[in-house]
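For reference, protein_33.cif (mmCIF, C-alpha atoms):
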```
data_query
loop_
_atom_site.label_atom_id
_atom_site.label_comp_id
_atom_site.auth_asym_id
_atom_site.auth_seq_id
_atom_site.Cartn_x
_atom_site.Cartn_y
_atom_site.Cartn_z
CA MET E 9 -2.41 4.78 -23.99
CA ALA E 10 -3.97 1.42 -24.91
CA LYS E 11 -3.86 -1.45 -22.45
CA SER E 12 -1.36 -3.37 -24.56
CA GLN E 13 1.03 -0.40 -24.57
CA ILE E 14 1.50 -0.11 -20.79
CA VAL E 15 5.01 -1.19 -19.92
CA ALA E 16 6.74 -1.11 -16.55
CA PRO E 17 9.60 1.41 -16.52
CA VAL E 18 13.09 -0.02 -16.74
CA GLN E 19 14.91 2.50 -14.55
CA SER E 20 15.07 2.29 -10.78
CA MET E 21 12.48 4.29 -8.83
CA THR E 22 12.24 5.53 -5.29
CA ARG E 23 9.17 4.50 -3.29
CA GLU E 24 7.66 7.96 -3.79
CA GLU E 25 8.28 7.86 -7.56
CA TYR E 26 6.78 4.36 -7.75
CA ARG E 27 3.66 5.39 -5.82
CA ALA E 28 3.10 8.38 -8.10
CA TRP E 29 3.74 6.31 -11.24
CA SER E 30 1.51 3.39 -10.17
CA GLN E 31 -1.40 5.71 -9.34
CA ARG E 32 -1.30 7.02 -12.92
CA GLN E 33 -1.59 3.54 -14.46
CA PRO E 34 -5.09 2.79 -15.77
CA VAL E 35 -4.53 -0.98 -15.73
CA GLY E 36 -1.92 -3.52 -14.76
CA ARG E 37 -0.47 -5.04 -11.61
CA PHE E 38 3.04 -4.15 -10.47
CA GLU E 39 5.52 -4.67 -7.64
CA ARG E 40 8.74 -2.77 -6.99
CA ILE E 41 11.59 -5.15 -6.22
CA GLY E 42 14.95 -3.68 -5.29
CA GLY E 43 13.79 -0.34 -6.65
CA VAL E 44 12.82 -1.73 -10.07
CA VAL E 45 9.18 -1.96 -11.18
CA VAL E 46 8.13 -5.46 -12.20
CA ALA E 47 4.91 -6.12 -14.10
CA MET E 48 2.87 -8.99 -12.67
CA ALA E 49 1.49 -11.53 -15.13
CA PRO E 50 -2.26 -11.84 -15.63
CA GLU E 51 -3.80 -14.24 -13.11
CA ARG E 52 -5.03 -17.66 -14.03
CA VAL E 53 -8.41 -18.69 -12.66
CA GLU E 54 -6.92 -21.29 -10.28
CA HIS E 55 -4.58 -18.65 -8.80
CA ASN E 56 -7.44 -16.22 -8.28
CA ASP E 57 -9.62 -18.93 -6.73
CA ARG E 58 -6.93 -20.00 -4.21
CA LYS E 59 -6.16 -16.45 -3.07
CA MET E 60 -9.86 -15.64 -2.66
CA ARG E 61 -10.46 -18.82 -0.68
CA ALA E 62 -7.44 -18.13 1.56
CA TRP E 63 -8.71 -14.58 2.16
CA LEU E 64 -12.21 -15.90 2.93
CA ALA E 65 -10.84 -18.52 5.33
CA LEU E 66 -8.81 -15.90 7.20
CA ARG E 67 -11.80 -13.53 7.30
CA ARG E 68 -14.03 -16.33 8.61
CA THR E 69 -11.69 -17.27 11.41
CA VAL E 70 -11.14 -13.64 12.42
CA ARG E 71 -14.90 -13.12 12.47
CA ASP E 72 -15.49 -16.31 14.49
CA ALA E 73 -12.59 -16.00 16.96
CA ASN E 74 -12.71 -12.20 17.14
CA PRO E 75 -8.99 -11.52 17.73
CA PRO E 76 -7.92 -7.87 17.36
CA CYS E 77 -6.96 -8.50 13.71
CA HIS E 78 -7.97 -7.46 10.21
CA VAL E 79 -7.55 -9.15 6.82
CA ASN E 80 -6.84 -7.47 3.50
CA GLY E 81 -6.74 -9.03 0.08
CA ASP E 82 -4.76 -8.52 -3.08
CA GLY E 83 -3.74 -4.95 -3.83
CA MET E 84 -2.40 -3.84 -0.46
CA THR E 85 1.34 -3.24 -0.27
CA VAL E 86 3.99 -4.47 2.16
CA GLU E 87 7.06 -2.22 2.15
CA ILE E 88 10.43 -3.82 2.89
CA GLY E 89 13.68 -1.97 2.27
CA ASP E 90 13.71 -0.84 -1.35
CA SER E 91 10.80 -3.09 -2.36
CA ASP E 92 7.00 -2.84 -2.43
CA TYR E 93 5.31 -6.25 -2.53
CA LYS E 94 1.64 -7.05 -3.14
CA PRO E 95 0.83 -10.33 -1.38
CA ASP E 96 -2.38 -12.20 -2.13
CA ALA E 97 -3.68 -11.78 1.45
CA ILE E 98 -2.44 -10.09 4.61
CA LEU E 99 -3.57 -10.34 8.23
CA TYR E 100 -2.45 -7.67 10.69
CA ARG E 101 -3.16 -6.87 14.36
CA GLY E 102 -4.39 -3.62 15.79
CA GLU E 103 -6.68 -0.89 14.63
CA LYS E 104 -8.28 -1.02 11.20
CA LEU E 105 -6.27 0.93 8.60
CA PRO E 106 -7.64 4.39 7.86
CA PRO E 107 -9.50 5.05 4.58
CA GLY E 108 -7.15 5.71 1.69
CA SER E 109 -4.39 3.45 3.05
CA THR E 110 -2.44 1.44 0.49
CA THR E 111 0.15 -0.22 2.75
CA VAL E 112 -0.01 -2.61 5.69
CA PRO E 113 2.80 -1.50 8.01
CA ASN E 114 2.95 -4.48 10.43
CA PRO E 115 1.68 -7.68 8.80
CA LEU E 116 1.42 -10.77 11.00
CA ILE E 117 0.41 -13.32 8.32
CA ILE E 118 1.33 -13.01 4.63
CA VAL E 119 -0.15 -15.26 1.93
CA GLU E 120 1.22 -15.81 -1.58
CA VAL E 121 -0.29 -18.12 -4.19
CA LEU E 122 2.31 -19.46 -6.60
CA SER E 123 2.25 -18.48 -10.27
CA PRO E 124 4.45 -20.11 -12.91
CA SER E 125 6.32 -16.84 -13.44
CA THR E 126 6.92 -16.06 -9.73
CA SER E 127 7.27 -19.45 -8.08
CA ALA E 128 11.01 -19.19 -7.41
CA THR E 129 10.71 -15.60 -6.16
CA ASP E 130 7.84 -16.43 -3.80
CA ARG E 131 9.51 -19.56 -2.39
CA ALA E 132 12.99 -18.08 -1.84
CA TRP E 133 13.41 -14.31 -2.25
CA LYS E 134 10.10 -13.28 -0.66
CA LEU E 135 10.53 -15.84 2.13
CA ARG E 136 13.71 -14.05 3.18
CA GLU E 137 12.27 -10.60 2.55
CA TYR E 138 9.01 -11.05 4.47
CA PHE E 139 10.77 -12.39 7.55
CA ARG E 140 12.97 -9.26 7.60
CA LEU E 141 9.88 -7.62 9.12
CA GLN E 142 9.78 -8.37 12.84
CA SER E 143 5.96 -8.32 12.80
CA VAL E 144 5.73 -11.27 10.37
CA ARG E 145 5.14 -14.53 12.20
CA HIS E 146 3.59 -16.60 9.37
CA TYR E 147 4.14 -16.88 5.63
CA LEU E 148 1.83 -19.21 3.68
CA ILE E 149 2.78 -20.34 0.20
CA ILE E 150 -0.13 -21.91 -1.63
CA TRP E 151 0.11 -24.00 -4.80
CA ALA E 152 -2.57 -23.02 -7.32
CA ASP E 153 -2.56 -26.27 -9.27
CA ARG E 154 -2.25 -28.91 -6.55
CA GLU E 155 -3.39 -29.27 -2.95
CA GLN E 156 -0.25 -28.18 -1.12
CA VAL E 157 0.44 -25.38 1.36
CA VAL E 158 3.79 -24.54 2.90
CA HIS E 159 3.53 -22.79 6.27
CA HIS E 160 6.66 -20.95 7.39
CA ARG E 161 6.40 -19.59 10.93
CA ARG E 162 8.74 -17.72 13.21
CA ASN E 163 8.83 -19.32 16.67
CA GLU E 164 9.36 -17.48 19.97
CA ALA E 165 13.15 -17.91 19.68
CA GLY E 166 13.10 -16.30 16.21
CA ALA E 167 13.82 -19.48 14.23
CA ILE E 168 11.79 -20.18 11.08
CA GLU E 169 9.96 -23.53 11.14
CA THR E 170 8.45 -25.01 7.98
CA THR E 171 5.55 -27.42 7.56
CA VAL E 172 4.24 -28.81 4.26
CA LEU E 173 0.53 -29.59 4.38
CA THR E 174 -1.76 -31.42 1.96
CA GLY E 175 -4.71 -31.45 4.35
CA GLY E 176 -5.81 -30.53 7.84
CA GLU E 177 -5.50 -27.50 10.07
CA ILE E 178 -3.11 -24.59 9.67
CA GLY E 179 -2.67 -22.99 13.10
CA PHE E 180 -1.51 -19.42 13.56
CA GLU E 181 -0.10 -18.62 17.00
CA PRO E 182 -0.20 -15.71 17.41
CA PRO E 183 -2.96 -14.61 17.04
CA GLY E 184 -4.57 -17.91 18.07
CA ILE E 185 -6.62 -18.75 14.95
CA ALA E 186 -6.71 -21.57 12.41
CA ILE E 187 -7.91 -22.34 8.91
CA THR E 188 -7.80 -25.60 6.97
CA VAL E 189 -6.14 -26.66 3.75
CA GLU E 190 -9.55 -27.95 2.68
CA GLU E 191 -11.02 -24.42 2.90
CA ILE E 192 -8.40 -23.16 0.44
CA TYR E 193 -9.08 -25.98 -2.05
CA ALA E 194 -12.85 -26.38 -1.66
CA ASP E 195 -14.86 -26.43 -4.88
#
```
Turn this file's structure into structure tokens for me.
Amino acid sequence: MAKSQIVAPVQSMTREEYRAWSQRQPVGRFERIGGVVVAMAPERVEHNDRKMRAWLALRRTVRDANPPCHVNGDGMTVEIGDSDYKPDAILYRGEKLPPGSTTVPNPLIIVEVLSPSTSATDRAWKLREYFRLQSVRHYLIIWADREQVVHHRRNEAGAIETTVLTGGEIGFEPPGIAITVEEIYAD
């Protein structure tokens, strides 16, 4: 099948069916939302740059502060209910995932970079979905085309607090690390 002929299936799939189907795909990026496979649009260079810089910033701070955490980039899956999401970066606590893993079971920090086609989903639907997981304490939404980061964090009482940043430090407690907006937007 040629690259241009790969189409996400229209029917609903179970998680097991989706995993088997996605492993057979030679190309393409997909998520399963509410049981339905959704093809992800090709990335623009600014989107790719922001997600890589966010991943690098998280990796740097984990390396420097040495908390018991690990960072994964694009491609790993977060399973929530009947959905399988692929955030742009994920930080989790605990032991390193074993070889062959495709999912991060208890993410602490989730990062999404906005795309024109997914902006509304990332800012509303995924905000609600990600915080359904008790392990999630931080959700960063990064604009690809302007210097703006929204940091949603769950406080000790369970309430979600939101901060919009155009510069400065982004603190993550837990696990007691920080990155800066400038690291994400550095040239």
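Near stretch 39-47 of chain E, within 7 Å and counting only C-alpha atoms, sit Ala16, Pro17, Val18, Gln19, Ser20, Met21, Thr22, Arg37, Ala49, Asp90, Ser91, Asp92, Tyr93 and Lys94 of chain E; same-chain residues fewer than 2 positions away were not included.
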Output file for the residues above (C-alpha atoms, as a PDB file, in the coordinates of the input):
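Contents of selection30.pdb, as written:
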```
ATOM      1  CA  ALA E  16       6.740  -1.110 -16.550  1.00  0.00           C
ATOM      2  CA  PRO E  17       9.600   1.410 -16.520  1.00  0.00           C
ATOM      3  CA  VAL E  18      13.090  -0.020 -16.740  1.00  0.00           C
ATOM      4  CA  GLN E  19      14.910   2.500 -14.550  1.00  0.00           C
ATOM      5  CA  SER E  20      15.070   2.290 -10.780  1.00  0.00           C
ATOM      6  CA  MET E  21      12.480   4.290  -8.830  1.00  0.00           C
ATOM      7  CA  THR E  22      12.240   5.530  -5.290  1.00  0.00           C
ATOM      8  CA  ARG E  37      -0.470  -5.040 -11.610  1.00  0.00           C
ATOM      9  CA  ALA E  49       1.490 -11.530 -15.130  1.00  0.00           C
ATOM     10  CA  ASP E  90      13.710  -0.840  -1.350  1.00  0.00           C
ATOM     11  CA  SER E  91      10.800  -3.090  -2.360  1.00  0.00           C
ATOM     12  CA  ASP E  92       7.000  -2.840  -2.430  1.00  0.00           C
ATOM     13  CA  TYR E  93       5.310  -6.250  -2.530  1.00  0.00           C
ATOM     14  CA  LYS E  94       1.640  -7.050  -3.140  1.00  0.00           C
TER      15      LYS E  94
END
```
If the PyMOL selection byres ((chain E and resi 112) around 10) were run on this exact file, what residues would it hold? Put them as an MDAnalysis selection string. chainID E and resid 80 84:87 98:100 105 109:111 113:116
Selection: 6 Å around E:Arg161, all atoms listed in the file, excl. self and same-chain fewer than 2 positions, as a list in words: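 Skipping anything fewer than 2 positions along the chain leaves Arg145, His146, Ile168 and Glu169 of chain E.
Taking atom CA of E:Pro95 and atom CA of E:Arg131 as endpoints, the distance between them is 12.7 Å.
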Atom CA of E:Ala152 to atom CA of E:Val53: how many Å, to one decimal?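 If I compute the distance from atom CA of E:Ala152 to atom CA of E:Val53, I get 9.0 Å.
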Residue among E:Arg71, E:Gln142, E:Gln33, E:Ile149 lying closest to E:Thr126, counting all atoms listed in the file: E:Ile149
So which residues touch E:Arg154 within 12 Å, counting only C-alpha atoms, skipping near sequence neighbours fewer than 6 positions away, as a PyMOL selection string? chain E and resi 54-55+58+121-123+173-175+189-190+192-194
Top pick for closest residue to E:Ser125, considering E:Gly81, E:Arg52, E:Thr171, E:Gly184 and counting only C-alpha atoms: E:Arg52
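The two atoms in question, atom CA of E:Ile178 and atom CA of E:Arg68, are spaced 13.7 Å apart.
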Write out as a list in words the residues lying within 10 Å of E:Lys104, counting all atoms listed in the file and excluding same-chain residues fewer than 4 positions away.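 Non-adjacent residues within range: Pro76, Cys77, His78, Val79 and Tyr100 of chain E.
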Please save C-alpha atoms of the selected residues as a PDB file, keeping the file's coordinate frame.
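Generated file (selection-v1.pdb):
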```pdb
ATOM      1  CA  PRO E  76      -7.920  -7.870  17.360  1.00  0.00           C
ATOM      2  CA  CYS E  77      -6.960  -8.500  13.710  1.00  0.00           C
ATOM      3  CA  HIS E  78      -7.970  -7.460  10.210  1.00  0.00           C
ATOM      4  CA  VAL E  79      -7.550  -9.150   6.820  1.00  0.00           C
ATOM      5  CA  TYR E 100      -2.450  -7.670  10.690  1.00  0.00           C
TER       6      TYR E 100
END
```
Considering all atoms listed in the file, state which residue in the set E:Gly166, E:Gly176, E:Pro50, E:Ala73 is at the smallest distance from E:Phe139.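 Smallest separation from E:Phe139 among the options: E:Gly166.
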E:Gly36, E:Pro75, E:Pro124, E:Gly102 ranked by distance to E:Glu181, top pick (using all atoms listed in the file):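 Smallest separation from E:Glu181 among the options: E:Pro75.
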Box for stretch 137-146 of chain E - axis-aligned, 3 Å on each of the six sides, all listed atoms - centre and size in Å to one decimal, as JSON.
```
{"center_x": 8.3, "center_y": -12.1, "center_z": 7.7, "size_x": 15.4, "size_y": 15.0, "size_z": 16.3}
```
Taking all atoms listed in the file into account, name the residue in E:Trp133, E:Thr188, E:Gly83, E:Ala97 that is nearest to E:Ser30. E:Gly83
